[in-house]
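A.B. asks: If it helps, the file is called input.cif and holds mmCIF, C-alpha atoms:
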data_model
loop_
_atom_site.label_atom_id
_atom_site.label_comp_id
_atom_site.auth_asym_id
_atom_site.auth_seq_id
_atom_site.Cartn_x
_atom_site.Cartn_y
_atom_site.Cartn_z
CA MET A 1155 108.01 77.61 92.29
CA ALA A 1156 111.63 77.71 91.35
CA GLU A 1157 114.07 75.93 93.60
CA GLY A 1158 116.16 79.04 94.14
CA GLU A 1159 113.22 80.75 95.83
CA SER A 1160 113.07 78.23 98.66
CA ASP A 1161 114.71 80.51 101.21
CA ASN A 1162 112.79 83.57 100.10
CA ILE A 1163 110.24 84.79 102.59
CA THR A 1164 107.53 87.41 102.62
CA LYS A 1165 106.72 89.48 105.67
CA ILE A 1166 103.78 91.77 106.23
CA VAL A 1167 104.70 94.91 108.14
CA VAL A 1168 101.60 96.57 109.58
CA ILE A 1169 102.02 100.12 110.78
CA SER A 1170 99.78 101.49 113.48
CA SER A 1171 101.94 104.38 114.60
CA ASP A 1172 101.30 108.09 115.15
CA SER A 1173 104.87 108.99 114.25
CA VAL A 1174 105.72 106.58 111.42
CA LEU A 1175 103.74 106.52 108.20
CA PRO A 1176 103.69 103.55 105.82
CA VAL A 1177 105.65 105.71 103.36
CA ASP A 1178 108.41 106.26 105.96
CA ALA A 1179 108.74 102.51 106.35
CA ALA A 1180 108.76 102.08 102.58
CA MET A 1181 111.51 104.71 102.22
CA LYS A 1182 113.56 102.96 104.88
CA ILE A 1183 113.24 99.73 102.93
CA TYR A 1184 114.04 101.41 99.60
CA GLN A 1185 117.21 102.85 101.16
CA SER A 1186 118.45 99.43 102.26
CA ASN A 1187 120.96 98.12 99.80
CA THR A 1188 119.59 94.62 99.36
CA ASP A 1189 117.80 92.75 96.61
CA ILE A 1190 114.38 92.69 98.21
CA VAL A 1191 111.04 93.51 96.68
CA ILE A 1192 108.46 95.54 98.54
CA LYS A 1193 104.82 96.26 97.93
CA GLU A 1194 103.11 99.15 99.64
CA THR A 1195 99.60 98.42 100.83
CA CYS A 1196 96.92 100.32 102.69
CA PHE A 1197 98.00 98.92 106.06
CA GLY A 1198 101.80 98.91 105.62
CA THR A 1199 104.16 97.05 103.37
CA MET A 1200 104.96 93.55 102.23
CA VAL A 1201 108.65 92.71 102.01
CA THR A 1202 109.92 89.78 99.95
CA GLY A 1203 113.43 88.50 99.53
CA PRO A 1204 116.14 86.31 101.02
CA ARG A 1205 115.42 85.48 104.66
CA ASP A 1206 118.43 87.30 106.16
CA ALA A 1207 117.90 90.47 104.16
CA VAL A 1208 114.19 90.60 104.93
CA ASN A 1209 114.74 90.00 108.66
CA ARG A 1210 117.39 92.72 108.78
CA VAL A 1211 115.32 95.30 106.92
CA VAL A 1212 112.16 94.51 108.85
CA LYS A 1213 114.04 94.92 112.12
CA GLU A 1214 115.23 98.35 110.99
CA VAL A 1215 111.65 99.35 110.19
CA VAL A 1216 110.28 98.00 113.47
CA ASP A 1217 112.92 99.93 115.39
CA LEU A 1218 111.36 103.17 114.09
CA ASP A 1219 108.49 102.68 116.53
CA ARG A 1220 108.88 99.34 118.19
CA ASN A 1221 105.56 98.99 119.98
CA HIS A 1222 103.36 100.23 117.15
CA ILE A 1223 104.70 98.29 114.17
CA PHE A 1224 103.67 94.66 113.87
CA VAL A 1225 105.06 91.92 111.67
CA LYS A 1226 104.00 88.52 110.53
CA GLU A 1227 105.17 86.13 107.88
CA ARG A 1228 103.03 85.57 104.81
CA GLY A 1229 102.72 82.31 102.90
CA PHE A 1230 102.17 83.68 99.41
CA LEU A 1231 104.36 86.13 97.55
CA PRO A 1232 102.77 89.48 96.69
CA GLY A 1233 101.05 89.08 93.34
CA ASP A 1234 100.85 85.29 93.56
CA GLU A 1235 98.17 84.14 91.10
CA ARG A 1236 96.40 82.12 93.75
CA ARG A 1237 95.84 85.16 95.92
CA CYS A 1238 96.19 88.24 93.72
CA ARG A 1239 92.91 90.06 93.20
CA SER A 1240 93.75 90.96 89.63
CA SER A 1241 93.58 87.32 88.55
CA ARG A 1242 90.72 86.34 90.87
CA GLY A 1243 88.32 88.94 89.54
CA GLY A 1244 88.55 91.43 92.42
CA GLY A 1245 87.22 91.27 95.95
CA PRO A 1246 89.28 90.98 99.12
CA ARG A 1247 92.00 88.36 99.09
CA PRO A 1248 91.61 85.38 101.45
CA GLY A 1249 92.83 86.39 104.88
CA PHE A 1250 92.17 90.07 104.42
CA HIS A 1251 89.12 90.18 106.70
CA TYR A 1252 91.03 88.67 109.60
CA LEU A 1253 93.92 91.06 109.08
CA ARG A 1254 91.56 94.02 108.95
CA HIS A 1255 89.87 92.86 112.15
CA GLU A 1256 93.20 92.66 113.94
CA VAL A 1257 94.43 95.96 112.50
CA GLN A 1258 91.53 97.67 114.26
CA MET A 1259 92.85 96.30 117.56
CA LEU A 1260 96.46 97.38 117.03
CA PRO A 1261 96.25 100.91 118.56
CA THR A 1262 95.13 99.49 121.90
CA ILE A 1263 97.63 96.63 121.70
CA GLY A 1264 100.39 99.21 121.01
CA LYS A 1265 99.33 101.25 124.04
CA ALA A 1266 99.25 98.08 126.12
CA LEU A 1267 102.82 97.25 125.02
CA ASP A 1268 103.90 100.79 126.01
CA ALA A 1269 102.28 100.29 129.41
CA TYR A 1270 103.97 96.90 129.79
CA ASP A 1271 107.37 98.44 129.00
CA ARG A 1272 106.73 101.19 131.58
CA LYS A 1273 105.76 98.44 134.04
CA ALA A 1274 102.50 100.24 134.66
CA PRO A 1275 100.41 98.42 137.28
CA LEU A 1276 97.57 96.38 135.89
CA LYS A 1277 94.07 97.48 136.85
CA GLU A 1278 91.32 94.95 137.21
CA ALA A 1279 89.49 94.90 133.88
CA LYS A 1280 85.72 94.92 134.21
CA GLN A 1281 84.54 91.67 132.71
CA LYS A 1282 81.21 91.76 130.93
CA LYS A 1283 79.02 89.10 132.45
CA LYS A 1284 75.95 87.45 131.13
CA LEU A 1285 72.70 88.77 132.48
CA ASP A 1286 71.51 87.04 135.63
CA VAL A 1287 68.31 85.04 135.20
CA ASP A 1288 66.79 86.69 138.30
CA LYS A 1289 67.58 90.14 136.95
CA LEU A 1290 66.06 89.26 133.59
CA GLU A 1291 62.92 88.04 135.32
CA ASP A 1292 62.71 91.28 137.29
CA LEU A 1293 63.10 93.27 134.09
CA ILE A 1294 60.35 91.32 132.34
CA GLU A 1295 58.00 91.66 135.25
CA SER A 1296 58.67 95.38 135.60
CA GLN A 1297 57.45 95.85 132.04
CA LEU A 1298 54.04 94.37 132.84
CA MET B 12 113.77 79.79 122.31
CA VAL B 13 110.64 77.71 122.26
CA LYS B 14 108.24 76.87 119.44
CA VAL B 15 104.90 78.34 120.42
CA ILE B 16 101.75 77.33 118.55
CA ILE B 17 99.24 80.12 118.29
CA TYR B 18 95.49 79.89 117.94
CA PRO B 19 94.04 81.53 115.79
CA THR B 20 96.77 80.02 113.69
CA ASN B 21 97.15 83.01 111.34
CA SER B 22 97.01 85.81 113.91
CA LEU B 23 99.18 88.85 113.27
CA ILE B 24 99.07 90.00 116.90
CA LEU B 25 99.98 86.63 118.40
CA SER B 26 102.66 85.89 115.83
CA ASP B 27 104.21 89.30 116.49
CA LEU B 28 104.02 89.01 120.29
CA VAL B 29 105.63 85.56 120.29
CA GLU B 30 108.50 86.78 118.12
CA ARG B 31 108.78 90.05 120.08
CA PHE B 32 109.35 88.17 123.33
CA GLY B 33 112.03 85.96 121.83
CA HIS B 34 110.30 82.77 120.76
CA GLN B 35 109.39 81.14 117.47
CA PRO B 36 105.72 81.23 116.44
CA VAL B 37 104.35 78.07 114.87
CA ALA B 38 101.84 79.68 112.57
CA MET B 39 99.79 78.69 109.55
CA MET B 40 101.51 81.18 107.25
CA GLU B 41 104.90 79.50 107.19
CA LYS B 42 103.34 76.05 106.76
CA ILE B 43 101.34 77.32 103.80
CA LYS B 44 104.54 78.78 102.40
CA GLU B 45 106.20 75.37 102.65
CA LYS B 46 103.22 73.80 100.90
CA ILE B 47 102.97 76.22 98.03
CA SER B 48 106.69 76.36 97.36
CA THR B 49 106.80 72.59 96.92
CA VAL B 50 107.10 71.78 93.24
CA SER B 51 104.33 69.17 93.26
CA VAL B 52 101.71 71.55 94.69
CA ASP B 53 101.18 74.21 92.11
CA SER B 54 97.56 74.06 91.09
CA PRO B 55 95.85 77.40 91.55
CA PRO B 56 93.61 78.06 93.36
CA LEU B 57 94.12 74.92 95.45
CA ASN B 58 96.74 74.82 98.16
CA ILE B 59 96.51 71.15 98.97
CA THR B 60 96.47 67.91 97.08
CA ALA B 61 94.08 64.97 97.32
CA GLU B 62 96.62 63.32 99.64
CA GLU B 63 96.00 65.78 102.46
CA PRO B 64 92.58 64.44 103.58
CA LYS B 65 94.22 61.01 103.83
CA MET B 66 96.99 62.40 106.00
CA GLY B 67 94.35 64.08 108.14
CA LEU B 68 93.03 60.65 109.12
CA LYS B 69 95.61 60.67 111.86
CA TYR B 70 93.66 63.40 113.62
CA ALA B 71 90.03 62.92 112.58
CA ALA B 72 87.94 59.89 111.65
CA VAL B 73 87.00 59.07 108.08
CA GLU B 74 83.40 60.19 108.47
CA VAL B 75 84.58 63.68 109.37
CA PRO B 76 84.30 66.08 106.39
CA ALA B 77 87.29 66.10 104.06
CA GLY B 78 87.75 69.83 104.70
CA VAL B 79 88.43 69.22 108.39
CA ARG B 80 90.87 66.42 107.60
CA GLY B 81 92.59 68.50 104.93
CA ARG B 82 93.07 71.37 107.36
CA MET B 83 94.21 69.01 110.11
CA SER B 84 96.91 67.62 107.83
CA ILE B 85 98.52 71.06 108.14
CA VAL B 86 97.48 72.00 111.68
CA GLY B 87 98.12 68.55 113.22
CA PRO B 88 101.88 68.48 112.57
CA MET B 89 102.06 72.07 113.87
CA ILE B 90 100.54 70.95 117.19
CA GLU B 91 102.98 68.03 117.39
CA GLU B 92 105.91 70.35 116.70
CA ALA B 93 104.94 72.90 119.35
CA GLN B 94 106.58 73.12 122.75
CA ALA B 95 104.10 75.62 124.17
CA GLY B 96 100.81 77.13 123.10
CA ILE B 97 98.69 80.25 123.28
CA ILE B 98 94.96 79.92 122.67
CA VAL B 99 92.85 83.02 122.27
CA ASN B 100 89.23 82.24 122.95
CA GLU B 101 86.28 84.29 121.78
CA SER B 102 88.03 85.20 118.54
CA PRO B 103 85.15 86.36 116.36
CA MET B 104 86.98 86.09 113.05
CA ALA B 105 88.39 82.59 113.51
CA PHE B 106 85.76 81.30 111.16
CA GLY B 107 85.57 81.51 107.39
CA CYS B 108 88.60 81.34 105.15
CA MET B 109 90.93 80.32 107.96
CA GLY B 110 88.99 77.26 108.96
CA CYS B 111 85.70 75.88 110.09
CA ALA B 112 84.29 75.72 113.59
CA ARG B 113 84.89 71.98 113.92
CA THR B 114 88.54 72.27 112.84
CA ASN B 115 88.97 75.07 115.35
CA GLU B 116 87.46 73.01 118.16
CA LEU B 117 89.63 70.02 117.28
CA THR B 118 92.72 72.24 117.10
CA LYS B 119 92.09 73.71 120.55
CA TYR B 120 91.29 70.28 121.97
CA LEU B 121 94.51 68.75 120.62
CA ILE B 122 96.62 71.64 121.92
CA ARG B 123 95.08 71.22 125.39
CA GLN B 124 95.67 67.46 125.24
CA ARG B 125 99.40 67.88 124.70
CA ASP B 126 101.53 67.95 127.81
CA ILE B 127 102.90 71.43 127.14
CA PRO B 128 102.43 74.80 128.85
CA VAL B 129 99.34 76.44 127.39
CA LEU B 130 97.95 79.91 128.03
CA GLU B 131 94.31 80.68 127.35
CA VAL B 132 93.18 84.28 127.08
CA ASP B 133 90.32 86.21 125.52
CA TYR B 134 90.68 88.81 122.78
CA PRO B 135 90.24 92.35 124.09
CA ARG B 136 86.87 93.69 123.01
CA GLY B 137 86.89 96.76 120.76
CA ASP B 138 89.00 99.58 122.16
CA ASN B 139 88.86 98.47 125.79
CA GLU B 140 92.33 99.49 127.01
CA GLU B 141 92.25 97.64 130.31
CA GLU B 142 91.42 94.38 128.58
CA ALA B 143 94.16 94.97 126.00
CA LYS B 144 96.67 95.61 128.80
CA GLU B 145 95.68 92.43 130.57
CA PHE B 146 95.87 90.52 127.26
CA VAL B 147 99.40 91.76 126.52
CA TYR B 148 100.54 91.42 130.15
CA ARG B 149 99.42 87.79 130.45
CA ILE B 150 100.93 86.78 127.11
CA ALA B 151 104.21 88.59 127.85
CA GLU B 152 104.54 87.02 131.30
CA PHE B 153 103.75 83.57 129.87
CA LEU B 154 106.34 83.94 127.12
CA LYS B 155 108.93 85.21 129.56
CA SER B 156 108.34 82.18 131.76
CA LEU B 157 109.32 79.82 128.91
CA PRO B 158 112.96 78.73 128.59
CA LYS B 159 115.02 81.01 126.36
CA ASP B 160 117.74 78.65 125.18
CA GLU B 161 117.24 75.57 123.13
CA GLU B 162 118.41 72.99 125.60
CA GLU B 163 117.20 69.48 125.49
CA ASP B 164 114.75 69.52 122.58
CA LYS B 165 116.89 68.10 119.83
CA ALA B 166 115.65 64.56 120.16
#
Have the structure of the file written as structure tokens, please.
C.D. replies:
Amino acid sequence: MAEGESDNITKIVVISSDSVLPVDAAMKIYQSNTDIVIKETCFGTMVTGPRDAVNRVVKEVVDLDRNHIFVKERGFLPGDERRCRSSRGGGPRPGFHYLRHEVQMLPTIGKALDAYDRKAPLKEAKQKKKLDVDKLEDLIESQL
Amino acid sequence: MVKVIIYPTNSLILSDLVERFGHQPVAMMEKIKEKISTVSVDSPPLNITAEEPKMGLKYAAVEVPAGVRGRMSIVGPMIEEAQAGIIVNESPMAFGCMGCARTNELTKYLIRQRDIPVLEVDYPRGDNEEEAKEFVYRIAEFLKSLPKDEEEDKA
């Protein structure tokens, strides 16, 4: 990598909002007057550029719907040969499965953040317990 | 602001929550970025050099597979750097590309061994809202209990 890129960062902005679409976030980023590069993806956008500019733009996007837009840094630039599917012969890129797994959880996490902001009282969550040995024995015997 | 190591080390949710509540996540992504933007490491598709398994000897013995030691050469310094930690147990996807089961066990063990505040929670299952609320509530309260200003930790 070139030395000048050392303070460039990439952030993944994942949108799980009912009111903000990935295209809204992309438009917001396009409107910002900075030299950043964005890539629209199925779950949101990837923003690359100088650290300050990226942080500022990402904050603007997150402020659209604070509790339902999630951000993390990414190691590789979008299109990096070592990750890009076009040069690896297709298939999901490394890390995609984990991201997809977490994206499925985001609606409930967003609601939980809303509840936390409202200071809603916490109900006791029903913990799933392992089946009692005695109960299992009863079940087996009842089948006979 | 405190440096909080997260486990799973590449989690979007944890990284976001730590940053949201005013702290700095110590996550795999930024360490990988440091690695791959170093001029000497530019050999697709590898991210590490042959030196890494040697560096990993600090955390795992020589008979441990090189993959564990290679991963620990990145994760180990992250654990040393951290001033607090969040471990999410029962994470079904923390296996595969991101690491192997033994690396994950060693990572959790080393985080617990450090004398730092550590929170352990479980991932909410599916769309269970009560579990998600408890997950967010516990993490938020833990992060709020950590000191906000960088005070003494310059040494």
A.B. asks: Kindly resolve the PyMOL selection byres ((chain B) within 6 of (chain A)) on the present coordinates and return the residues as a list in words.
C.D. replies: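 Evaluating the PyMOL selection byres ((chain B) within 6 of (chain A)) on this file yields Leu23, Asp27, Met40, Glu41, Ile43, Lys44, Ser48, Val50, Pro55, Pro56, Met104, Glu140, Glu141, Glu142, Ala143 and Lys144 of chain B.
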A.B. asks: Evaluating the PyMOL selection byres ((chain B and resi 65) around 12) on the displayed file yields which residues, as a ChimeraX atom specification?
C.D. replies: /B:59-64,66-85
A.B. asks: What is the CA of Lys119 (chain B)-CA of Arg136 (chain B) distance in Å, reported with one decimal?
C.D. replies: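 Between CA of Lys119 (chain B) and CA of Arg136 (chain B) the gap works out to 20.8 Å.
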A.B. asks: Do you know which residues are at most 12 Å from Leu154 (chain B) counting only C-alpha atoms, after dropping those on the same chain fewer than 4 positions away, and could you put them as a PyMOL selection string?
C.D. replies: chain B and resi 12-17+25+28-36+94-97+128-130+147-150+158-159
A.B. asks: Between CA of Met1200 (chain A) and CA of Gln1185 (chain A), what is the distance, to one decimal in Å?
C.D. replies: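 Distance between the two atoms: 15.4 Å.
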A.B. asks: Do you know which residues are at most 9 Å from Met89 (chain B) counting all atoms listed in the file, after dropping those on the same chain fewer than 2 positions away, and could you put them as a list of chain:residue names?
C.D. replies: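 The residues that qualify are B:Ile16, B:Val37, B:Ala38, B:Met39, B:Lys42, B:Ile85, B:Val86, B:Gly87, B:Glu91, B:Glu92, B:Ala93.
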A.B. asks: At what distance in Å, to one decimal, does CA of Glu131 (chain B) lie from CA of Asn100 (chain B)?
C.D. replies: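 Interatomic distance here is 6.9 Å.
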A.B. asks: As a check of understanding, name the residues that the PyMOL selection byres ((chain A and resi 1177) around 12) selects in the supplied structure, as a PyMOL selection string.
C.D. replies: chain A and resi 1167-1169+1171+1173-1176+1178-1184+1192-1199+1215
A.B. asks: Measuring between only C-alpha atoms, which one of A:Ser1170, A:Thr1202, A:Asn1187, A:Ser1240 shows the shortest distance to Val1216 (chain A)?
C.D. replies: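 The closest residue to Val1216 (chain A) is A:Ser1170.
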